[in-house]
$ cat start_35.cif   # mmCIF, C-alpha atoms and all ligand atoms
data_final
loop_
_atom_site.label_atom_id
_atom_site.label_comp_id
_atom_site.auth_asym_id
_atom_site.auth_seq_id
_atom_site.Cartn_x
_atom_site.Cartn_y
_atom_site.Cartn_z
CA MET R 1 0.00 0.00 0.00
CA THR R 2 1.44 3.38 -0.98
CA LEU R 3 -0.50 6.38 0.23
CA ALA R 4 -0.66 9.97 -0.99
CA VAL R 5 -2.50 12.95 0.44
CA LEU R 6 -4.14 15.47 -1.84
CA ILE R 7 -4.66 18.77 -0.03
CA VAL R 8 -7.08 20.99 -1.90
CA ALA R 9 -6.14 24.62 -1.31
CA ALA R 10 -7.23 26.46 -4.46
CA GLY R 11 -10.37 28.07 -3.01
CA ARG R 12 -10.65 31.81 -2.37
CA GLY R 13 -12.18 31.66 1.12
CA THR R 14 -14.87 34.24 0.39
CA ARG R 15 -17.02 33.34 3.41
CA ALA R 16 -14.06 33.60 5.80
CA GLY R 17 -13.15 37.09 4.58
CA GLY R 18 -9.84 38.76 5.42
CA PRO R 19 -7.06 40.38 3.37
CA VAL R 20 -5.89 37.07 1.84
CA PRO R 21 -7.66 33.70 1.27
CA LYS R 22 -8.15 31.78 4.53
CA GLN R 23 -5.38 29.22 3.89
CA TRP R 24 -2.79 32.05 3.97
CA GLN R 25 -4.08 33.70 7.13
CA LEU R 26 -2.17 33.12 10.37
CA LEU R 27 -3.13 30.78 13.19
CA GLU R 28 -0.77 30.71 16.16
CA GLY R 29 1.90 32.46 14.06
CA ARG R 30 1.80 30.15 11.01
CA SER R 31 -0.47 29.94 7.99
CA VAL R 32 -3.49 27.64 8.07
CA LEU R 33 -1.93 25.81 5.12
CA SER R 34 1.33 25.25 6.97
CA HIS R 35 -0.51 23.67 9.93
CA THR R 36 -2.49 21.36 7.64
CA VAL R 37 0.51 20.25 5.59
CA ASP R 38 2.56 19.59 8.74
CA VAL R 39 -0.04 17.20 10.20
CA PHE R 40 0.41 14.96 7.15
CA LYS R 41 4.20 15.45 6.94
CA ARG R 42 4.39 14.05 10.47
CA HIS R 43 2.31 10.96 9.61
CA ALA R 44 4.46 7.86 9.09
CA LEU R 45 2.17 6.22 6.50
CA VAL R 46 2.02 9.21 4.13
CA HIS R 47 4.43 8.67 1.23
CA ARG R 48 3.60 11.74 -0.81
CA ILE R 49 1.81 15.10 -0.43
CA VAL R 50 0.27 16.90 -3.40
CA LEU R 51 -0.89 20.45 -2.83
CA VAL R 52 -3.51 21.90 -5.18
CA LEU R 53 -3.11 25.68 -5.35
CA HIS R 54 -4.79 28.62 -7.07
CA ALA R 55 -2.90 29.96 -10.12
CA ASP R 56 -2.08 33.14 -8.16
CA ASP R 57 -0.51 31.17 -5.30
CA MET R 58 1.82 28.74 -7.08
CA ASP R 59 4.97 30.54 -5.87
CA ARG R 60 3.93 30.73 -2.23
CA VAL R 61 5.05 27.19 -1.29
CA THR R 62 8.21 25.14 -1.88
CA GLY R 63 9.20 21.60 -0.96
CA VAL R 64 6.05 19.70 -1.92
CA THR R 65 4.47 18.66 -5.23
CA LYS R 66 2.24 21.49 -6.46
CA VAL R 67 -0.62 21.34 -8.95
CA GLN R 68 -2.78 24.18 -10.25
CA GLY R 69 -6.42 24.04 -9.11
CA GLY R 70 -9.66 24.32 -11.06
CA ALA R 71 -12.83 26.38 -11.07
CA ASP R 72 -14.48 24.38 -8.29
CA ARG R 73 -13.41 21.88 -5.62
CA ALA R 74 -14.10 18.84 -7.79
CA ALA R 75 -11.98 20.25 -10.62
CA SER R 76 -9.15 20.90 -8.17
CA VAL R 77 -9.41 17.29 -6.95
CA ARG R 78 -9.33 16.00 -10.53
CA HIS R 79 -6.15 18.00 -11.25
CA GLY R 80 -4.54 16.55 -8.13
CA LEU R 81 -5.56 12.99 -8.99
CA ALA R 82 -4.06 13.40 -12.46
CA ALA R 83 -0.69 14.15 -10.84
CA LEU R 84 -0.80 10.80 -9.02
CA GLN R 85 -1.35 8.58 -12.04
CA ASP R 86 1.45 6.11 -12.86
CA SER R 87 3.31 7.07 -9.68
CA GLY R 88 2.97 3.77 -7.80
CA ILE R 89 0.45 5.31 -5.39
CA THR R 90 -2.49 2.98 -4.65
CA ARG R 91 -4.47 4.96 -2.06
CA VAL R 92 -5.27 8.62 -1.65
CA LEU R 93 -6.62 10.80 1.15
CA ILE R 94 -8.33 13.97 -0.07
CA HIS R 95 -8.28 16.74 2.54
CA ASP R 96 -9.49 20.34 2.79
CA VAL R 97 -6.64 22.75 3.57
CA ALA R 98 -9.23 24.54 5.71
CA ARG R 99 -9.23 21.69 8.28
CA PRO R 100 -5.88 22.32 10.05
CA CYS R 101 -6.87 20.59 13.32
CA VAL R 102 -7.27 17.09 11.88
CA SER R 103 -5.80 14.46 14.20
CA HIS R 104 -3.64 11.42 13.48
CA ASP R 105 -6.39 9.30 15.10
CA THR R 106 -8.86 10.43 12.43
CA ILE R 107 -6.32 9.88 9.65
CA ASP R 108 -5.49 6.41 11.03
CA ALA R 109 -9.16 5.43 11.15
CA VAL R 110 -9.61 6.35 7.47
CA ILE R 111 -6.44 4.51 6.41
CA MET R 112 -7.45 1.42 8.40
CA ALA R 113 -10.92 1.31 6.85
CA LEU R 114 -9.36 1.37 3.37
CA GLU R 115 -8.05 -2.16 4.09
CA THR R 116 -11.61 -3.45 3.73
CA HIS R 117 -13.42 -0.74 1.72
CA ALA R 118 -12.64 1.19 -1.48
CA GLY R 119 -13.68 4.41 0.28
CA ALA R 120 -13.78 5.68 3.86
CA ALA R 121 -14.47 9.04 5.48
CA PRO R 122 -14.95 10.59 8.94
CA ALA R 123 -18.33 11.88 10.01
CA ILE R 124 -20.21 12.90 13.14
CA PRO R 125 -23.79 11.77 13.76
CA VAL R 126 -26.28 14.65 13.97
CA THR R 127 -27.43 14.91 17.59
CA ASP R 128 -29.33 18.22 17.64
CA ALA R 129 -32.94 18.37 16.54
CA LEU R 130 -33.34 19.56 12.95
CA TRP R 131 -35.82 22.29 12.06
CA THR R 132 -36.95 24.02 8.96
CA GLY R 133 -37.48 27.76 9.30
CA GLU R 134 -38.76 30.78 7.43
CA ASN R 135 -38.81 34.49 8.28
CA GLY R 136 -37.30 33.80 11.71
CA LEU R 137 -39.92 31.22 12.69
CA VAL R 138 -39.68 27.47 13.07
CA THR R 139 -41.84 25.86 10.41
CA GLY R 140 -41.18 22.18 11.02
CA THR R 141 -38.99 19.41 12.40
CA ARG R 142 -37.05 16.84 10.39
CA ASP R 143 -36.04 13.33 11.35
CA ARG R 144 -32.30 13.26 12.19
CA THR R 145 -32.04 9.45 12.23
CA GLY R 146 -29.12 8.27 10.13
CA LEU R 147 -27.84 11.78 9.37
CA PHE R 148 -24.12 12.62 9.59
CA ARG R 149 -21.92 15.72 9.25
CA ALA R 150 -19.21 14.92 6.71
CA GLN R 151 -15.53 15.73 7.28
CA THR R 152 -12.23 15.14 5.50
CA PRO R 153 -9.82 13.42 4.87
CA GLN R 154 -11.93 11.27 2.60
CA GLY R 155 -9.88 8.23 1.56
CA PHE R 156 -10.11 6.01 -1.50
CA HIS R 157 -8.39 3.40 -3.57
CA LEU R 158 -6.78 5.61 -6.22
CA ASP R 159 -8.22 3.83 -9.27
CA ALA R 160 -11.75 3.88 -7.83
CA ILE R 161 -11.84 7.63 -7.10
CA THR R 162 -10.04 8.55 -10.34
CA ASN R 163 -12.61 6.64 -12.41
CA ALA R 164 -15.46 8.05 -10.33
CA HIS R 165 -14.34 11.66 -10.90
CA ALA R 166 -13.87 11.01 -14.63
CA ALA R 167 -17.46 9.76 -14.86
CA HIS R 168 -19.13 12.42 -12.68
CA ALA R 169 -21.21 15.21 -14.19
CA GLY R 170 -20.33 17.76 -11.49
CA GLY R 171 -22.11 19.51 -8.65
CA ALA R 172 -21.15 17.04 -5.89
CA ALA R 173 -20.74 18.26 -2.30
CA ASP R 174 -17.64 16.15 -1.77
CA ASP R 175 -15.62 13.17 -3.01
CA VAL R 176 -17.82 10.71 -1.13
CA GLU R 177 -20.77 11.81 -3.26
CA VAL R 178 -18.64 11.38 -6.41
CA ALA R 179 -17.50 7.91 -5.29
CA ARG R 180 -20.99 6.75 -4.38
CA ALA R 181 -22.38 7.90 -7.72
CA ALA R 182 -19.94 5.44 -9.30
CA GLY R 183 -21.04 2.61 -7.01
CA VAL R 184 -18.05 2.78 -4.62
CA ASP R 185 -18.86 1.71 -1.04
CA VAL R 186 -17.74 4.30 1.51
CA ALA R 187 -17.26 3.32 5.16
CA ILE R 188 -18.03 5.87 7.88
CA VAL R 189 -15.33 6.24 10.55
CA PRO R 190 -15.62 8.40 13.68
CA GLY R 191 -15.21 12.10 12.98
CA ASP R 192 -13.88 14.64 15.49
CA GLU R 193 -15.49 17.88 16.67
CA ALA R 194 -11.99 19.42 16.65
CA ASN R 195 -11.66 18.73 12.92
CA LEU R 196 -13.66 21.83 11.99
CA LYS R 197 -13.54 23.41 8.56
CA ILE R 198 -12.61 27.09 8.77
CA THR R 199 -15.50 28.59 6.84
CA TYR R 200 -16.54 31.84 8.60
CA PRO R 201 -14.43 34.47 10.45
CA ALA R 202 -15.28 33.10 13.93
CA ASP R 203 -13.81 29.71 12.98
CA PHE R 204 -10.24 31.11 13.13
CA ASN R 205 -10.53 31.66 16.89
CA ARG R 206 -11.96 28.20 17.45
CA ALA R 207 -9.22 26.57 15.38
CA GLY R 208 -6.56 28.63 17.18
CA ARG R 209 -7.85 27.44 20.55
CA ILE R 210 -7.78 23.81 19.43
CA LEU R 211 -4.20 24.14 18.12
CA ARG R 212 -3.07 25.92 21.32
CA THR R 213 -4.43 23.31 23.68
CA GLY R 214 -3.14 20.45 21.51
CA HIS R 215 -6.57 18.88 21.41
CA GLY R 216 -6.90 16.68 18.35
CA HIS R 217 -3.17 16.01 17.84
N1 LIG G 301 -11.84 25.84 -6.78
C1 LIG G 301 -11.63 25.34 -5.56
C2 LIG G 301 -12.56 25.56 -4.50
C3 LIG G 301 -12.27 25.04 -3.25
N2 LIG G 301 -11.13 24.35 -3.05
C4 LIG G 301 -10.81 23.84 -1.71
O1 LIG G 301 -11.86 23.04 -1.21
C5 LIG G 301 -11.88 23.11 0.21
C6 LIG G 301 -13.28 23.28 0.77
O2 LIG G 301 -13.88 24.43 0.22
P1 LIG G 301 -14.39 25.71 1.02
O3 LIG G 301 -14.27 25.58 2.45
O4 LIG G 301 -15.69 26.07 0.41
O5 LIG G 301 -13.24 26.75 0.61
P2 LIG G 301 -13.31 28.03 -0.30
O6 LIG G 301 -13.85 27.68 -1.65
O7 LIG G 301 -11.95 28.61 -0.23
O8 LIG G 301 -14.32 28.95 0.54
P3 LIG G 301 -15.54 29.85 0.05
O9 LIG G 301 -16.57 28.89 -0.51
O10 LIG G 301 -16.00 30.54 1.29
O11 LIG G 301 -15.00 30.80 -0.99
C7 LIG G 301 -10.94 24.23 0.62
O12 LIG G 301 -9.80 23.64 1.18
C8 LIG G 301 -10.65 24.95 -0.68
O13 LIG G 301 -9.36 25.55 -0.76
C9 LIG G 301 -10.24 24.12 -4.10
O14 LIG G 301 -9.20 23.51 -3.91
N3 LIG G 301 -10.52 24.61 -5.35
C1 LIG G 302 -15.73 18.33 1.66
C2 LIG G 302 -16.42 18.99 2.81
O1 LIG G 302 -15.47 19.57 3.69
C3 LIG G 302 -17.18 17.97 3.61
O2 LIG G 302 -17.74 18.55 4.74
C4 LIG G 302 -17.37 20.07 2.33
O3 LIG G 302 -18.36 19.48 1.56
C5 LIG G 302 -16.69 21.16 1.50
O4 LIG G 302 -17.06 22.42 1.94
P1 LIG G 302 -18.21 23.37 1.34
O5 LIG G 302 -18.49 24.35 2.44
O6 LIG G 302 -19.40 22.52 1.02
O7 LIG G 302 -17.60 24.01 0.13
#
$ encode --input "start_35.cif" --output "structure tokens" --more "lines below"
Ligand SMILES: Nc1ccn([C@@H]2O[C@H](COP(=O)(O)OP(=O)(O)OP(=O)(O)O)[C@@H](O)[C@H]2O)c(=O)n1
Ligand SMILES: C[C@](O)(CO)[C@H](O)COP(=O)(O)O
Amino acid sequence: MTLAVLIVAAGRGTRAGGPVPKQWQLLEGRSVLSHTVDVFKRHALVHRIVLVLHADDMDRVTGVTKVQGGADRAASVRHGLAALQDSGITRVLIHDVARPCVSHDTIDAVIMALETHAGAAPAIPVTDALWTGENGLVTGTRDRTGLFRAQTPQGFHLDAITNAHAAHAGGAADDVEVARAAGVDVAIVPGDEANLKITYPADFNRAGRILRTGHGH
């Protein structure tokens, strides 16, 4: 088994705001991207890291394989997967750069599940009640049974996810949706509340606190 990690980092972070895209903003003195890359650099089973970057950012990083991203997340993933073909890599973890607090326990769980499944990803069961709402009023309640909040890294056998992306029409929320559309079974492994995706401005403080206290590493 030879494992690569594809870190997608070509987004513009519009919801997070700030003077530069969220992956270049500082958390505890280092960029979000630097934290995320380091988690995987420190993992003994990761043979290769491929970083997918926006065209404007290609010169910002040295020392890892870099690929130019696409117009949406799926296109960026496809560009990264193309860089792994014929490289001897058999498995790939696809991770959002915006999740810098991912733990080795979560990564291990995904890798382990790939021994018995062609896909595996971390998720957290929904525990809060789910409402619909309109104009500030609750309009209904939805059944939360069997619902999960999806995280990354999402792991796959390389041939399975490459073929799935080649066949997909677009518009998927994540790589699990792409894989499932191609008939790939995806195992759910335990997610981690600390593995948040920095999406809005308040998420930087939360992520900083998690990194400071060491929780999740
Ligand atoms: N064309 C794109 C769009 C997104 N991503 C990556 O996909 C991940 C998840 O996307 P999201 O959190 O939505 O990031 P952004 O697209 O940067 O954020 P926003 O939607 O707020 O602009 C991020 O790591 C982002 O860099 C990417 O590589 N290429
Ligand atoms: C892939 C993902 O992180 C799973 O939770 C998520 O779908 C991508 O983020 P977005 O906010 O939907 O762009």
$ residues_around --input "start_35.cif" --residues "R:Val46" --least-positions-apart "4" --cutoff "9 Å" --atoms "all atoms listed in the file" --output "number ranges by chain"
R: 2-5, 40-42
$ atom_distance --input "start_35.cif" --atom1 "atom CA of R:His43" --atom2 "atom CA of R:Ala194"
18.0 Å
$ atom_distance --input "start_35.cif" --atom1 "atom CA of R:Arg30" --atom2 "atom CA of R:Ala98"
13.5 Å
$ closest_residue --input "start_35.cif" --among "R:His47, R:His54, R:Arg99, R:His165" --to "R:Pro21" --atoms "only C-alpha atoms"
R:His54
$ closest_residue --input "start_35.cif" --among "R:Ala181, R:Ala150, R:Ala187, R:Ile124" --to "ligand LIG 301 (chain G)" --atoms "all atoms listed in the file"
R:Ala150
$ closest_atom_pairs --input "start_35.cif" --of "chain R" --to "ligand LIG 301 (chain G)" --cutoff "8 Å" --atoms "only C-alpha atoms and all ligand atoms" --output "JSON lines"
{"residue": "R:Ile7", "atom": "CA", "partner": "G:LIG301", "partner_atom": "O12", "distance": 7.2}
{"residue": "R:Val8", "atom": "CA", "partner": "G:LIG301", "partner_atom": "O14", "distance": 3.9}
{"residue": "R:Ala9", "atom": "CA", "partner": "G:LIG301", "partner_atom": "O13", "distance": 3.4}
{"residue": "R:Ala10", "atom": "CA", "partner": "G:LIG301", "partner_atom": "O14", "distance": 3.6}
{"residue": "R:Gly11", "atom": "CA", "partner": "G:LIG301", "partner_atom": "O7", "distance": 3.2}
{"residue": "R:Arg12", "atom": "CA", "partner": "G:LIG301", "partner_atom": "O7", "distance": 4.1}
{"residue": "R:Gly13", "atom": "CA", "partner": "G:LIG301", "partner_atom": "O7", "distance": 3.3}
{"residue": "R:Thr14", "atom": "CA", "partner": "G:LIG301", "partner_atom": "O11", "distance": 3.7}
{"residue": "R:Arg15", "atom": "CA", "partner": "G:LIG301", "partner_atom": "O10", "distance": 3.7}
{"residue": "R:Ala16", "atom": "CA", "partner": "G:LIG301", "partner_atom": "O10", "distance": 5.8}
{"residue": "R:Gly17", "atom": "CA", "partner": "G:LIG301", "partner_atom": "O10", "distance": 7.9}
{"residue": "R:Pro21", "atom": "CA", "partner": "G:LIG301", "partner_atom": "O7", "distance": 6.8}
{"residue": "R:Lys22", "atom": "CA", "partner": "G:LIG301", "partner_atom": "O7", "distance": 6.9}
{"residue": "R:Gln23", "atom": "CA", "partner": "G:LIG301", "partner_atom": "O13", "distance": 7.1}
{"residue": "R:Val52", "atom": "CA", "partner": "G:LIG301", "partner_atom": "O14", "distance": 6.0}
{"residue": "R:Leu53", "atom": "CA", "partner": "G:LIG301", "partner_atom": "O14", "distance": 6.6}
{"residue": "R:His54", "atom": "CA", "partner": "G:LIG301", "partner_atom": "N3", "distance": 7.2}
{"residue": "R:Gly69", "atom": "CA", "partner": "G:LIG301", "partner_atom": "N3", "distance": 5.6}
{"residue": "R:Gly70", "atom": "CA", "partner": "G:LIG301", "partner_atom": "N1", "distance": 5.0}
{"residue": "R:Ala71", "atom": "CA", "partner": "G:LIG301", "partner_atom": "N1", "distance": 4.4}
{"residue": "R:Asp72", "atom": "CA", "partner": "G:LIG301", "partner_atom": "N1", "distance": 3.4}
{"residue": "R:Arg73", "atom": "CA", "partner": "G:LIG301", "partner_atom": "C1", "distance": 3.9}
{"residue": "R:Ala74", "atom": "CA", "partner": "G:LIG301", "partner_atom": "N3", "distance": 7.2}
{"residue": "R:Ala75", "atom": "CA", "partner": "G:LIG301", "partner_atom": "N1", "distance": 6.8}
{"residue": "R:Ser76", "atom": "CA", "partner": "G:LIG301", "partner_atom": "N3", "distance": 4.9}
{"residue": "R:Val77", "atom": "CA", "partner": "G:LIG301", "partner_atom": "O14", "distance": 6.9}
{"residue": "R:His95", "atom": "CA", "partner": "G:LIG301", "partner_atom": "O12", "distance": 7.2}
{"residue": "R:Asp96", "atom": "CA", "partner": "G:LIG301", "partner_atom": "O12", "distance": 3.7}
{"residue": "R:Val97", "atom": "CA", "partner": "G:LIG301", "partner_atom": "O12", "distance": 4.1}
{"residue": "R:Ala98", "atom": "CA", "partner": "G:LIG301", "partner_atom": "O12", "distance": 4.7}
{"residue": "R:Arg99", "atom": "CA", "partner": "G:LIG301", "partner_atom": "O12", "distance": 7.4}
{"residue": "R:Lys197", "atom": "CA", "partner": "G:LIG301", "partner_atom": "O3", "distance": 6.5}
{"residue": "R:Ile198", "atom": "CA", "partner": "G:LIG301", "partner_atom": "O3", "distance": 6.7}
{"residue": "R:Thr199", "atom": "CA", "partner": "G:LIG301", "partner_atom": "O3", "distance": 5.5}
{"residue": "R:Tyr200", "atom": "CA", "partner": "G:LIG301", "partner_atom": "O10", "distance": 7.4}
$ residues_near_ligand --input "start_35.cif" --ligand "ligand LIG 302 (chain G)" --cutoff "6 Å" --atoms "all atoms listed in the file" --output "ChimeraX atom specification"
/R:150-152,173-174
$ closest_residue --input "start_35.cif" --among "R:Trp131, R:Phe204, R:Trp24, R:Phe156" --to "R:Asp143" --atoms "all atoms listed in the file"
R:Trp131
$ build_atoms --input "start_35.cif" --residues "stretch 165-179 of chain R" --atoms "N, CA and C atoms" --output "PDB file, in the coordinates of the input"
ATOM      1  N   HIS R 165     -14.390  10.239 -10.521  1.00  0.00           N
ATOM      2  CA  HIS R 165     -14.340  11.660 -10.900  1.00  0.00           C
ATOM      3  C   HIS R 165     -14.442  11.825 -12.418  1.00  0.00           C
ATOM      4  N   ALA R 166     -13.822  10.918 -13.161  1.00  0.00           N
ATOM      5  CA  ALA R 166     -13.870  11.010 -14.630  1.00  0.00           C
ATOM      6  C   ALA R 166     -15.296  10.853 -15.139  1.00  0.00           C
ATOM      7  N   ALA R 167     -16.102  10.060 -14.398  1.00  0.00           N
ATOM      8  CA  ALA R 167     -17.460   9.760 -14.860  1.00  0.00           C
ATOM      9  C   ALA R 167     -18.501  10.750 -14.327  1.00  0.00           C
ATOM     10  N   HIS R 168     -18.123  11.591 -13.360  1.00  0.00           N
ATOM     11  CA  HIS R 168     -19.130  12.420 -12.680  1.00  0.00           C
ATOM     12  C   HIS R 168     -19.467  13.693 -13.453  1.00  0.00           C
ATOM     13  N   ALA R 169     -20.745  14.045 -13.411  1.00  0.00           N
ATOM     14  CA  ALA R 169     -21.210  15.210 -14.190  1.00  0.00           C
ATOM     15  C   ALA R 169     -20.932  16.536 -13.501  1.00  0.00           C
ATOM     16  N   GLY R 170     -20.614  16.510 -12.209  1.00  0.00           N
ATOM     17  CA  GLY R 170     -20.330  17.760 -11.490  1.00  0.00           C
ATOM     18  C   GLY R 170     -21.425  18.078 -10.477  1.00  0.00           C
ATOM     19  N   GLY R 171     -21.125  19.053  -9.625  1.00  0.00           N
ATOM     20  CA  GLY R 171     -22.110  19.510  -8.650  1.00  0.00           C
ATOM     21  C   GLY R 171     -22.130  18.720  -7.355  1.00  0.00           C
ATOM     22  N   ALA R 172     -21.160  17.836  -7.132  1.00  0.00           N
ATOM     23  CA  ALA R 172     -21.150  17.040  -5.890  1.00  0.00           C
ATOM     24  C   ALA R 172     -20.661  17.875  -4.713  1.00  0.00           C
ATOM     25  N   ALA R 173     -21.169  17.552  -3.512  1.00  0.00           N
ATOM     26  CA  ALA R 173     -20.740  18.260  -2.300  1.00  0.00           C
ATOM     27  C   ALA R 173     -19.325  17.876  -1.907  1.00  0.00           C
ATOM     28  N   ASP R 174     -18.966  16.623  -2.177  1.00  0.00           N
ATOM     29  CA  ASP R 174     -17.640  16.150  -1.770  1.00  0.00           C
ATOM     30  C   ASP R 174     -17.264  14.905  -2.559  1.00  0.00           C
ATOM     31  N   ASP R 175     -16.108  14.324  -2.246  1.00  0.00           N
ATOM     32  CA  ASP R 175     -15.620  13.170  -3.010  1.00  0.00           C
ATOM     33  C   ASP R 175     -16.386  11.898  -2.670  1.00  0.00           C
ATOM     34  N   VAL R 176     -16.978  11.858  -1.484  1.00  0.00           N
ATOM     35  CA  VAL R 176     -17.820  10.710  -1.130  1.00  0.00           C
ATOM     36  C   VAL R 176     -19.026  10.652  -2.065  1.00  0.00           C
ATOM     37  N   GLU R 177     -19.616  11.794  -2.346  1.00  0.00           N
ATOM     38  CA  GLU R 177     -20.770  11.810  -3.260  1.00  0.00           C
ATOM     39  C   GLU R 177     -20.336  11.343  -4.660  1.00  0.00           C
ATOM     40  N   VAL R 178     -19.166  11.796  -5.092  1.00  0.00           N
ATOM     41  CA  VAL R 178     -18.640  11.380  -6.410  1.00  0.00           C
ATOM     42  C   VAL R 178     -18.431   9.867  -6.425  1.00  0.00           C
ATOM     43  N   ALA R 179     -17.803   9.350  -5.368  1.00  0.00           N
ATOM     44  CA  ALA R 179     -17.500   7.910  -5.290  1.00  0.00           C
ATOM     45  C   ALA R 179     -18.793   7.092  -5.290  1.00  0.00           C
TER      46      ALA R 179
END
